[in-house]
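Next comes start_10.tsv, a file with TSV, C-alpha atoms.
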```tsv
chain	number	residue	atom	x	y	z
Z	1	MET	CA	0.00	0.00	0.00
Z	2	GLU	CA	1.25	3.48	-0.82
Z	3	CYS	CA	3.04	5.26	2.01
Z	4	VAL	CA	3.77	8.96	1.91
Z	5	PHE	CA	4.81	11.08	4.86
Z	6	GLY	CA	6.63	14.30	5.60
Z	7	LEU	CA	7.67	16.74	8.30
Z	8	VAL	CA	8.96	20.28	8.75
Z	9	GLY	CA	12.28	21.02	10.44
Z	10	LYS	CA	14.39	24.10	11.04
Z	11	GLY	CA	14.47	25.87	7.70
Z	12	PHE	CA	13.64	22.76	5.68
Z	13	ALA	CA	10.92	20.23	4.96
Z	14	ILE	CA	11.37	16.56	4.22
Z	15	VAL	CA	9.01	14.20	2.41
Z	16	ALA	CA	9.38	10.47	1.97
Z	17	ALA	CA	7.40	8.16	-0.27
Z	18	ASP	CA	7.45	4.50	-1.11
Z	19	THR	CA	8.57	3.63	-4.65
Z	20	SER	CA	6.42	0.66	-5.58
Z	21	ALA	CA	4.23	0.67	-8.65
Z	22	VAL	CA	1.59	-1.94	-7.89
Z	23	HIS	CA	-1.23	-3.46	-9.92
Z	24	SER	CA	-3.36	-5.82	-7.83
Z	25	ILE	CA	-0.92	-8.50	-6.66
Z	26	LEU	CA	1.86	-7.63	-9.07
Z	27	LEU	CA	4.69	-5.23	-8.30
Z	28	HIS	CA	5.55	-3.69	-11.66
Z	29	LYS	CA	8.53	-1.70	-10.53
Z	30	ASN	CA	10.11	-0.79	-7.22
Z	31	ASN	CA	11.84	2.47	-8.15
Z	32	GLU	CA	8.85	4.64	-9.16
Z	33	ASP	CA	9.52	8.21	-8.02
Z	34	LYS	CA	6.32	9.58	-6.50
Z	35	ILE	CA	7.81	12.87	-5.33
Z	36	MET	CA	7.80	15.47	-8.06
Z	37	LEU	CA	9.73	18.73	-8.13
Z	38	LEU	CA	7.03	21.33	-8.64
Z	39	ASP	CA	9.57	24.08	-9.08
Z	40	SER	CA	12.97	24.97	-7.69
Z	41	HIS	CA	11.69	25.23	-4.11
Z	42	LYS	CA	8.64	22.97	-3.97
Z	43	LEU	CA	8.05	19.25	-3.72
Z	44	VAL	CA	4.83	17.34	-4.26
Z	45	ALA	CA	4.59	13.84	-2.82
Z	46	ALA	CA	1.48	12.20	-4.21
Z	47	SER	CA	-0.26	8.91	-3.55
Z	48	GLY	CA	-3.34	7.37	-5.07
Z	49	GLU	CA	-4.63	6.11	-8.41
Z	50	PRO	CA	-1.47	5.92	-10.59
Z	51	GLY	CA	-2.94	7.58	-13.70
Z	52	ASP	CA	-4.53	10.40	-11.72
Z	53	ARG	CA	-1.38	10.84	-9.66
Z	54	VAL	CA	0.88	11.45	-12.65
Z	55	GLN	CA	-1.63	13.43	-14.72
Z	56	PHE	CA	-2.78	15.68	-11.90
Z	57	THR	CA	0.66	16.45	-10.48
Z	58	GLU	CA	2.02	17.19	-13.96
Z	59	TYR	CA	-0.96	19.48	-14.57
Z	60	VAL	CA	-0.21	21.36	-11.35
Z	61	GLN	CA	3.51	21.51	-12.18
Z	62	LYS	CA	2.87	22.99	-15.62
Z	63	ASN	CA	0.43	25.56	-14.28
Z	64	VAL	CA	2.88	26.61	-11.58
Z	65	SER	CA	5.52	27.10	-14.29
Z	66	LEU	CA	3.03	29.03	-16.43
Z	67	TYR	CA	2.38	31.45	-13.59
Z	68	LYS	CA	6.11	32.01	-13.23
Z	69	PHE	CA	6.54	32.70	-16.96
Z	70	ARG	CA	3.53	35.00	-17.14
Z	71	ASN	CA	4.22	36.99	-14.00
Z	72	GLY	CA	7.96	36.82	-13.62
Z	73	ILE	CA	7.86	35.58	-10.05
Z	74	PRO	CA	7.18	32.08	-8.74
Z	75	LEU	CA	4.15	31.15	-6.65
Z	76	THR	CA	4.55	30.80	-2.89
Z	77	THR	CA	4.02	27.38	-1.37
Z	78	ALA	CA	0.72	28.50	0.15
Z	79	ALA	CA	-0.49	29.80	-3.20
Z	80	ALA	CA	0.50	26.60	-5.01
Z	81	ALA	CA	-1.24	24.53	-2.32
Z	82	ASN	CA	-4.40	26.61	-2.61
Z	83	PHE	CA	-4.32	26.33	-6.40
Z	84	THR	CA	-4.01	22.56	-6.11
Z	85	ARG	CA	-6.91	22.43	-3.65
Z	86	GLY	CA	-9.00	24.58	-5.98
Z	87	GLU	CA	-8.42	22.22	-8.91
Z	88	LEU	CA	-9.28	19.19	-6.80
Z	89	ALA	CA	-12.39	20.91	-5.41
Z	90	THR	CA	-13.64	21.91	-8.86
Z	91	ALA	CA	-13.13	18.40	-10.18
Z	92	LEU	CA	-14.63	16.79	-7.06
Z	93	ARG	CA	-18.27	16.86	-8.16
Z	94	LYS	CA	-17.56	16.26	-11.85
Z	95	ASN	CA	-14.60	14.01	-12.40
Z	96	PRO	CA	-12.77	13.51	-9.13
Z	97	TYR	CA	-9.03	12.85	-8.95
Z	98	SER	CA	-8.10	10.13	-6.46
Z	99	VAL	CA	-4.82	11.70	-5.42
Z	100	ASN	CA	-3.62	12.58	-1.93
Z	101	ILE	CA	-0.86	15.18	-1.83
Z	102	LEU	CA	1.74	16.42	0.61
Z	103	MET	CA	3.19	19.65	-0.69
Z	104	ALA	CA	6.45	20.86	0.86
Z	105	GLY	CA	8.09	24.13	0.00
Z	106	TYR	CA	10.48	26.82	1.11
Z	107	ASP	CA	9.74	30.55	0.80
Z	108	GLU	CA	12.08	33.41	1.67
Z	109	GLU	CA	9.56	35.20	3.85
Z	110	SER	CA	7.81	32.34	5.59
Z	111	GLY	CA	10.42	29.58	5.68
Z	112	ALA	CA	9.64	25.91	5.19
Z	113	SER	CA	6.05	24.67	5.14
Z	114	LEU	CA	4.13	21.47	4.55
Z	115	TYR	CA	0.56	21.25	3.25
Z	116	TYR	CA	-1.76	18.27	3.58
Z	117	ILE	CA	-4.23	18.05	0.68
Z	118	ASP	CA	-6.41	14.99	0.57
Z	119	TYR	CA	-8.30	13.62	-2.41
Z	120	ILE	CA	-11.53	15.42	-1.52
Z	121	ALA	CA	-9.67	18.72	-1.45
Z	122	THR	CA	-9.28	19.26	2.27
Z	123	LEU	CA	-6.33	21.62	2.72
Z	124	HIS	CA	-4.43	22.09	5.94
Z	125	LYS	CA	-1.00	23.43	6.81
Z	126	VAL	CA	0.73	20.90	9.05
Z	127	ASP	CA	4.06	20.21	10.76
Z	128	LYS	CA	3.86	16.52	10.04
Z	129	GLY	CA	1.56	14.59	7.75
Z	130	ALA	CA	1.08	11.19	6.21
Z	131	PHE	CA	-1.18	9.24	3.83
Z	132	GLY	CA	-1.97	5.60	3.29
Z	133	TYR	CA	-1.84	2.58	5.58
Z	134	GLY	CA	1.69	3.58	6.50
Z	135	SER	CA	0.25	6.71	8.12
Z	136	TYR	CA	-0.98	4.65	11.07
Z	137	PHE	CA	2.64	3.87	11.88
Z	138	SER	CA	4.47	6.97	10.66
Z	139	LEU	CA	2.11	9.52	12.25
Z	140	SER	CA	2.34	7.84	15.65
Z	141	THR	CA	6.13	7.58	15.40
Z	142	MET	CA	6.35	11.23	14.43
Z	143	ASP	CA	3.97	12.24	17.23
Z	144	ARG	CA	6.30	10.55	19.68
Z	145	HIS	CA	9.65	11.89	18.45
Z	146	TYR	CA	8.92	15.11	16.57
Z	147	ARG	CA	10.02	18.44	18.02
Z	148	GLU	CA	9.93	21.97	16.66
Z	149	ASP	CA	13.04	23.04	14.74
Z	150	MET	CA	14.75	19.69	14.29
Z	151	SER	CA	18.03	19.59	12.40
Z	152	VAL	CA	18.35	17.65	9.15
Z	153	GLU	CA	20.15	14.77	10.88
Z	154	GLU	CA	17.49	14.48	13.58
Z	155	ALA	CA	14.71	14.64	10.98
Z	156	ILE	CA	16.33	11.91	8.85
Z	157	GLU	CA	16.70	9.79	11.97
Z	158	LEU	CA	12.96	10.20	12.54
Z	159	VAL	CA	12.16	9.42	8.90
Z	160	ASP	CA	14.25	6.26	9.17
Z	161	LYS	CA	12.41	5.29	12.36
Z	162	CYS	CA	9.13	5.66	10.47
Z	163	ILE	CA	10.38	3.60	7.55
Z	164	LEU	CA	11.56	0.90	9.93
Z	165	GLU	CA	8.18	0.88	11.65
Z	166	ILE	CA	6.33	0.60	8.32
Z	167	ARG	CA	8.65	-2.16	7.11
Z	168	SER	CA	8.29	-4.19	10.27
Z	169	ARG	CA	4.57	-3.73	10.99
Z	170	LEU	CA	2.73	-3.24	7.68
Z	171	VAL	CA	1.80	-6.58	6.14
Z	172	VAL	CA	2.37	-5.51	2.51
Z	173	ALA	CA	5.14	-3.09	3.36
Z	174	PRO	CA	6.79	-1.46	0.35
Z	175	PRO	CA	10.48	-2.46	0.09
Z	176	ASN	CA	11.96	0.85	-1.07
Z	177	PHE	CA	11.55	4.52	-0.17
Z	178	VAL	CA	12.78	7.80	-1.59
Z	179	ILE	CA	13.47	10.81	0.63
Z	180	LYS	CA	13.56	14.34	-0.73
Z	181	ILE	CA	14.33	17.62	1.01
Z	182	VAL	CA	13.52	21.26	0.31
Z	183	ASP	CA	15.29	24.19	1.96
Z	184	LYS	CA	16.69	27.59	1.02
Z	185	ASP	CA	19.01	25.94	-1.48
Z	186	GLY	CA	16.12	24.33	-3.32
Z	187	ALA	CA	14.33	21.03	-3.67
Z	188	ARG	CA	16.42	17.92	-4.28
Z	189	ASP	CA	16.80	14.19	-3.74
Z	190	TYR	CA	18.17	13.37	-0.34
Z	191	ALA	CA	18.45	9.60	-0.27
Z	192	TRP	CA	16.92	6.30	-1.28
Z	193	ARG	CA	16.29	3.57	1.27
Z	194	GLN	CA	16.34	0.34	-0.67
Z	195	SER	CA	15.94	-3.14	0.65
Z	196	VAL	CA	15.20	-4.74	-2.73
Z	197	GLN	CA	17.01	-3.69	-5.85
Z	198	ASP	CA	16.29	-4.54	-9.46
Z	199	VAL	CA	18.83	-6.90	-10.89
Z	200	THR	CA	19.76	-5.89	-14.41
Z	201	THR	CA	20.70	-8.66	-16.76
Z	202	ALA	CA	22.25	-8.39	-20.16
Z	203	ALA	CA	19.78	-8.70	-23.02
Z	204	VAL	CA	19.98	-12.07	-24.71
Q	1	MET	CA	-20.38	6.24	8.66
Q	2	SER	CA	-22.21	9.23	7.17
Q	3	ILE	CA	-20.32	11.70	5.01
Q	4	PHE	CA	-21.22	14.43	7.50
Q	5	GLU	CA	-19.20	12.54	10.09
Q	6	TYR	CA	-16.14	12.08	7.88
Q	7	ASN	CA	-14.10	14.92	9.39
Q	8	GLY	CA	-15.83	15.45	12.75
Q	9	SER	CA	-16.90	18.85	14.05
Q	10	ALA	CA	-18.76	20.73	16.76
Q	11	VAL	CA	-20.00	24.32	16.52
Q	12	VAL	CA	-22.21	26.27	18.93
Q	13	ALA	CA	-23.38	29.88	19.19
Q	14	MET	CA	-25.10	31.62	22.11
Q	15	VAL	CA	-26.82	34.92	22.65
Q	16	GLY	CA	-25.99	37.21	25.56
Q	17	LYS	CA	-26.82	40.74	26.61
Q	18	ASN	CA	-25.87	42.84	23.57
Q	19	CYS	CA	-23.23	40.28	22.72
Q	20	PHE	CA	-22.86	36.81	21.27
Q	21	ALA	CA	-20.38	33.96	21.51
Q	22	ILE	CA	-19.53	31.38	18.87
Q	23	ALA	CA	-17.34	28.38	19.57
Q	24	SER	CA	-16.02	25.34	17.75
Q	25	ASP	CA	-13.77	22.38	18.35
Q	26	ARG	CA	-10.34	22.15	16.70
Q	27	ARG	CA	-10.06	18.59	15.45
Q	28	LEU	CA	-9.60	17.75	11.79
Q	29	GLY	CA	-9.91	14.03	11.29
Q	30	VAL	CA	-10.32	11.50	8.53
Q	31	GLN	CA	-12.77	9.07	10.09
Q	32	LEU	CA	-10.90	7.49	12.99
Q	33	GLN	CA	-7.55	9.17	12.30
Q	34	THR	CA	-6.75	12.68	13.60
Q	35	ILE	CA	-4.90	14.79	11.05
Q	36	ALA	CA	-4.64	18.13	12.83
Q	37	THR	CA	-5.61	19.76	16.10
Q	38	ASP	CA	-5.73	23.37	14.97
Q	39	PHE	CA	-8.39	23.42	12.28
Q	40	GLN	CA	-10.32	26.67	11.95
Q	41	ARG	CA	-14.07	26.20	11.63
Q	42	ILE	CA	-15.18	29.71	12.54
Q	43	SER	CA	-14.48	32.56	10.19
Q	44	LYS	CA	-15.06	36.26	10.44
Q	45	ILE	CA	-17.10	37.71	7.60
Q	46	HIS	CA	-16.83	41.20	9.02
Q	47	ASP	CA	-16.44	42.67	12.51
Q	48	ARG	CA	-20.04	41.96	13.44
Q	49	VAL	CA	-20.79	38.68	11.61
Q	50	PHE	CA	-19.17	35.31	12.16
Q	51	ILE	CA	-19.90	31.99	10.54
Q	52	GLY	CA	-19.02	28.57	11.89
Q	53	LEU	CA	-19.22	25.72	9.44
Q	54	SER	CA	-19.45	22.10	10.51
Q	55	GLY	CA	-19.48	19.05	8.27
Q	56	LEU	CA	-17.21	17.96	5.44
Q	57	ALA	CA	-13.99	20.02	5.65
Q	58	THR	CA	-13.51	20.42	1.90
Q	59	ASP	CA	-16.99	21.92	1.54
Q	60	VAL	CA	-16.38	24.08	4.64
Q	61	GLN	CA	-13.36	25.57	2.84
Q	62	THR	CA	-15.10	25.92	-0.53
Q	63	LEU	CA	-18.23	27.46	0.98
Q	64	TYR	CA	-16.20	29.86	3.10
Q	65	GLN	CA	-14.31	31.08	0.01
Q	66	ARG	CA	-17.57	31.60	-1.89
Q	67	LEU	CA	-19.17	33.50	1.00
Q	68	VAL	CA	-16.19	35.81	1.52
Q	69	PHE	CA	-16.26	36.50	-2.22
Q	70	ARG	CA	-19.95	37.35	-2.18
Q	71	HIS	CA	-19.59	39.54	0.87
Q	72	LYS	CA	-16.69	41.45	-0.65
Q	73	LEU	CA	-18.80	42.09	-3.77
Q	74	TYR	CA	-21.66	43.26	-1.55
Q	75	GLN	CA	-19.30	45.62	0.28
Q	76	LEU	CA	-18.10	47.08	-3.02
Q	77	ARG	CA	-21.62	47.59	-4.34
Q	78	GLU	CA	-23.40	48.72	-1.17
Q	79	GLU	CA	-20.41	50.40	0.50
Q	80	ARG	CA	-21.34	48.82	3.83
Q	81	ASP	CA	-21.19	45.51	5.67
Q	82	MET	CA	-23.97	42.94	5.43
Q	83	LYS	CA	-26.45	42.64	8.24
Q	84	PRO	CA	-26.46	39.22	9.89
Q	85	GLU	CA	-30.04	38.49	8.76
Q	86	THR	CA	-29.11	39.33	5.18
Q	87	PHE	CA	-26.00	37.19	5.37
Q	88	ALA	CA	-28.02	34.26	6.69
Q	89	SER	CA	-30.39	34.60	3.73
Q	90	LEU	CA	-27.39	34.68	1.38
Q	91	VAL	CA	-25.98	31.47	2.87
Q	92	SER	CA	-29.38	29.84	2.65
Q	93	ALA	CA	-29.72	30.78	-1.02
Q	94	ILE	CA	-26.24	29.56	-1.89
Q	95	LEU	CA	-26.89	26.23	-0.19
Q	96	TYR	CA	-30.27	25.74	-1.89
Q	97	GLU	CA	-28.70	26.43	-5.30
Q	98	LYS	CA	-27.02	23.07	-4.83
Q	99	ARG	CA	-30.23	21.36	-3.73
Q	100	PHE	CA	-29.56	18.15	-5.69
Q	101	GLY	CA	-25.84	17.99	-5.06
Q	102	PRO	CA	-25.42	19.92	-1.81
Q	103	TYR	CA	-22.46	21.28	0.12
Q	104	LEU	CA	-22.20	18.85	2.99
Q	105	CYS	CA	-21.98	21.52	5.69
Q	106	GLN	CA	-24.23	22.87	8.40
Q	107	PRO	CA	-23.51	26.54	9.04
Q	108	VAL	CA	-23.99	28.41	12.29
Q	109	ILE	CA	-24.24	32.15	11.79
Q	110	ALA	CA	-23.89	34.68	14.59
Q	111	GLY	CA	-23.86	38.44	14.38
Q	112	LEU	CA	-24.76	41.78	15.91
Q	113	GLY	CA	-27.62	43.43	14.07
Q	114	GLU	CA	-29.22	46.86	14.31
Q	115	ASP	CA	-28.96	48.45	17.77
Q	116	ASP	CA	-26.37	45.83	18.71
Q	117	LYS	CA	-29.06	43.17	19.00
Q	118	PRO	CA	-27.41	39.73	18.75
Q	119	PHE	CA	-28.61	37.39	16.00
Q	120	ILE	CA	-27.94	33.67	15.70
Q	121	CYS	CA	-29.21	31.03	13.34
Q	122	THR	CA	-28.30	27.65	11.97
Q	123	MET	CA	-29.33	25.81	8.84
Q	124	ASP	CA	-29.13	22.35	7.39
Q	125	SER	CA	-27.06	21.47	4.35
Q	126	ILE	CA	-29.74	22.65	1.92
Q	127	GLY	CA	-30.37	26.00	3.56
Q	128	ALA	CA	-33.36	25.52	5.86
Q	129	LYS	CA	-32.91	28.38	8.32
Q	130	GLU	CA	-33.56	27.92	11.98
Q	131	LEU	CA	-33.60	31.12	14.03
Q	132	ALA	CA	-33.23	30.90	17.78
Q	133	LYS	CA	-33.31	33.33	20.65
Q	134	ASP	CA	-30.91	31.44	22.88
Q	135	PHE	CA	-28.45	29.03	21.26
Q	136	VAL	CA	-27.82	27.03	18.11
Q	137	VAL	CA	-25.63	23.98	17.59
Q	138	SER	CA	-24.30	21.85	14.75
Q	139	GLY	CA	-21.82	19.08	14.04
Q	140	THR	CA	-21.23	15.50	15.12
Q	141	ALA	CA	-21.58	16.50	18.79
Q	142	SER	CA	-24.85	18.37	18.21
Q	143	GLU	CA	-27.02	16.13	20.38
Q	144	SER	CA	-24.71	16.47	23.38
Q	145	LEU	CA	-24.48	20.19	22.67
Q	146	TYR	CA	-28.27	20.58	22.76
Q	147	GLY	CA	-28.37	18.96	26.16
Q	148	ALA	CA	-25.45	20.89	27.60
Q	149	CYS	CA	-26.64	24.25	26.30
Q	150	GLU	CA	-30.22	23.72	27.50
Q	151	ALA	CA	-28.92	22.95	30.96
Q	152	MET	CA	-26.35	25.73	31.22
Q	153	TYR	CA	-27.92	28.60	29.30
Q	154	LYS	CA	-29.68	31.52	30.86
Q	155	PRO	CA	-30.77	34.71	29.10
Q	156	ASP	CA	-29.01	38.09	29.23
Q	157	MET	CA	-25.56	36.95	30.28
Q	158	GLU	CA	-22.72	39.42	30.09
Q	159	ALA	CA	-19.69	38.68	27.93
Q	160	GLU	CA	-17.51	37.04	30.58
Q	161	GLU	CA	-20.26	34.79	31.91
Q	162	LEU	CA	-21.30	33.93	28.36
Q	163	PHE	CA	-17.73	32.89	27.60
Q	164	GLU	CA	-17.67	30.57	30.62
Q	165	THR	CA	-21.04	29.06	29.76
Q	166	ILE	CA	-20.32	28.41	26.10
Q	167	SER	CA	-16.87	27.00	26.89
Q	168	GLN	CA	-18.21	24.57	29.48
Q	169	ALA	CA	-21.05	23.50	27.17
Q	170	LEU	CA	-18.63	22.91	24.28
Q	171	LEU	CA	-15.99	21.03	26.23
Q	172	SER	CA	-18.41	18.77	28.06
Q	173	SER	CA	-20.20	17.91	24.79
Q	174	VAL	CA	-17.12	17.15	22.70
Q	175	ASP	CA	-15.79	14.92	25.48
Q	176	ARG	CA	-18.66	12.57	24.68
Q	177	ASP	CA	-17.94	12.58	20.96
Q	178	CYS	CA	-14.89	10.80	19.64
Q	179	LEU	CA	-14.90	12.70	16.34
Q	180	SER	CA	-14.67	16.20	17.77
Q	181	GLY	CA	-12.56	17.85	20.43
Q	182	TRP	CA	-8.83	18.52	20.83
Q	183	GLY	CA	-9.56	21.89	22.39
Q	184	GLY	CA	-11.87	24.74	21.56
Q	185	HIS	CA	-11.90	28.04	19.75
Q	186	VAL	CA	-14.22	30.68	21.26
Q	187	TYR	CA	-15.07	34.12	19.93
Q	188	VAL	CA	-17.01	36.49	22.20
Q	189	VAL	CA	-18.20	39.54	20.30
Q	190	THR	CA	-19.55	42.73	21.88
Q	191	PRO	CA	-20.24	46.02	20.09
Q	192	THR	CA	-16.82	47.27	21.09
Q	193	GLU	CA	-14.48	44.30	20.84
Q	194	ILE	CA	-13.91	40.78	19.56
Q	195	LYS	CA	-12.24	38.43	22.03
Q	196	GLU	CA	-10.75	35.27	20.62
Q	197	ARG	CA	-9.72	32.52	23.02
Q	198	ILE	CA	-8.34	29.02	22.68
Q	199	LEU	CA	-9.54	26.40	25.16
Q	200	LYS	CA	-7.50	23.47	26.30
Q	201	GLY	CA	-9.71	20.51	27.13
Q	202	ARG	CA	-9.20	16.76	27.01
Q	203	MET	CA	-6.74	16.26	24.18
Q	204	ASP	CA	-7.99	12.94	22.94
```

In structure tokens, write the structure found in this file.
Amino acid sequence: MECVFGLVGKGFAIVAADTSAVHSILLHKNNEDKIMLLDSHKLVAASGEPGDRVQFTEYVQKNVSLYKFRNGIPLTTAAAANFTRGELATALRKNPYSVNILMAGYDEESGASLYYIDYIATLHKVDKGAFGYGSYFSLSTMDRHYREDMSVEEAIELVDKCILEIRSRLVVAPPNFVIKIVDKDGARDYAWRQSVQDVTTAAV
Amino acid sequence: MSIFEYNGSAVVAMVGKNCFAIASDRRLGVQLQTIATDFQRISKIHDRVFIGLSGLATDVQTLYQRLVFRHKLYQLREERDMKPETFASLVSAILYEKRFGPYLCQPVIAGLGEDDKPFICTMDSIGAKELAKDFVVSGTASESLYGACEAMYKPDMEAEELFETISQALLSSVDRDCLSGWGGHVYVVTPTEIKERILKGRMD
């Protein structure tokens, strides 16, 4: 089951997502990146229906870029989150998207922030958030160990604790996770936590 | 579980002597899971009119945005703020527009009308207005709230006593409802000031 979670630290925000692409009982691939770079200082970790996930997040990404080209300045994280919520809310009673989103971003004026947007367009700014079955484990772990203004090392330690908890307690636990970070220097990959790797063989 | 109980909520408003109080809980949940403990359900439309929206959080946010928009247009056209009775009629009309695909919210509207006379009303999700002289309630804890308010309310309370009464009624009611709680948010509004207070109750 798809696990996405994230938290805010001192001047940064971290999101982690599992990397399994699943269809019923089959695991198609285990290195599917579900955290998209929305722009230089924003990350969107999405979980849900695979088609909707990719299509909707790309749609948001392109519209965020369009705003930047038209107006010369990028959207703030709050604005991007509200835009995303608006699109989900408009589609909700016509053609709903089944995508849950954690949007992390860094703005000069307001620092790092994390927004929880669920598939029925409920928006809330949070310090820590999670979606999926993994949320039952990661939210509790974060509730126990999270403090305001954690350093990157402390936050990664907490993320690893959550991943360990998910791996050991969730019956269909995803084998691999990707962790991405956003701070004043931008949004980027932080690490992968892989317990199963694809073996590449030479083509015959 | 009904869709009205998806996020969990409790809102109550009471009339005092030339003042009113409106209070809500602070929990944002997704069925059994608590997502946040600082969700805002009560919004200020203008200095003398407040609206508390219970029900599905996404519709609470959408409806709030639509109402603020309509009130701002009204202010531009009429060059004054809306009276609470007028605002209640506006909310009722907007809800009935969606009669066969409604916003899943139950609003509680409280305001100071002409001559500083307090006005409260509630309505169901399709805009059936219910005026009251004493108190109105809505949300998942509404039945408990009816009981608590009926027992604790007396007419013509001053602002401080009204605050105590509404706080005790709210906290005791949400303690019997697992879907609402995690503190309270109380606004006490007199002709001269708006006092906003956060309550700490049972955090569970």

Need to verify the contact set: Q:Thr122, 12 Å, all atoms listed in the file, exclusion of same-chain residues closer than 6 positions in sequence. Can you return it as a ChimeraX atom specification?
/Q:11-14,22,50-54,84-85,87-89,91-92,105-111,128-139,142

Residues of chain Z no more than 12 Å from chain Q, counting only C-alpha atoms: send them over as a ChimeraX atom specification.
/Z:82,85-90,92-94,115-133,135-137,139-140,143

Nearby residues (only C-alpha atoms) at most 9 Å from Z:Tyr146, same-chain spacing under 5 positions excluded, as a CSV table (one decimal) with C-alpha atoms, in the frame of the given file:
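Resulting contents of around.csv:
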```csv
chain,number,residue,atom,x,y,z
Z,7,LEU,CA,7.7,16.7,8.3
Z,128,LYS,CA,3.9,16.5,10.0
Z,141,THR,CA,6.1,7.6,15.4
Z,155,ALA,CA,14.7,14.6,11.0
Z,158,LEU,CA,13.0,10.2,12.5
```

Distance criterion (only C-alpha atoms): nearest to Q:Ser172 out of Q:Ala151, Q:Ile94, Q:Leu32, Q:Met123:
Q:Ala151

Atom-to-atom span, atom CA of Z:Ile156 and atom CA of Z:Phe83, Å:
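Separation of atom CA of Z:Ile156 and atom CA of Z:Phe83: 29.4 Å.
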
One decimal, Å: what's the distance from atom CA of Q:Lys83 over to atom CA of Q:Tyr96, could you say?
20.1 Å
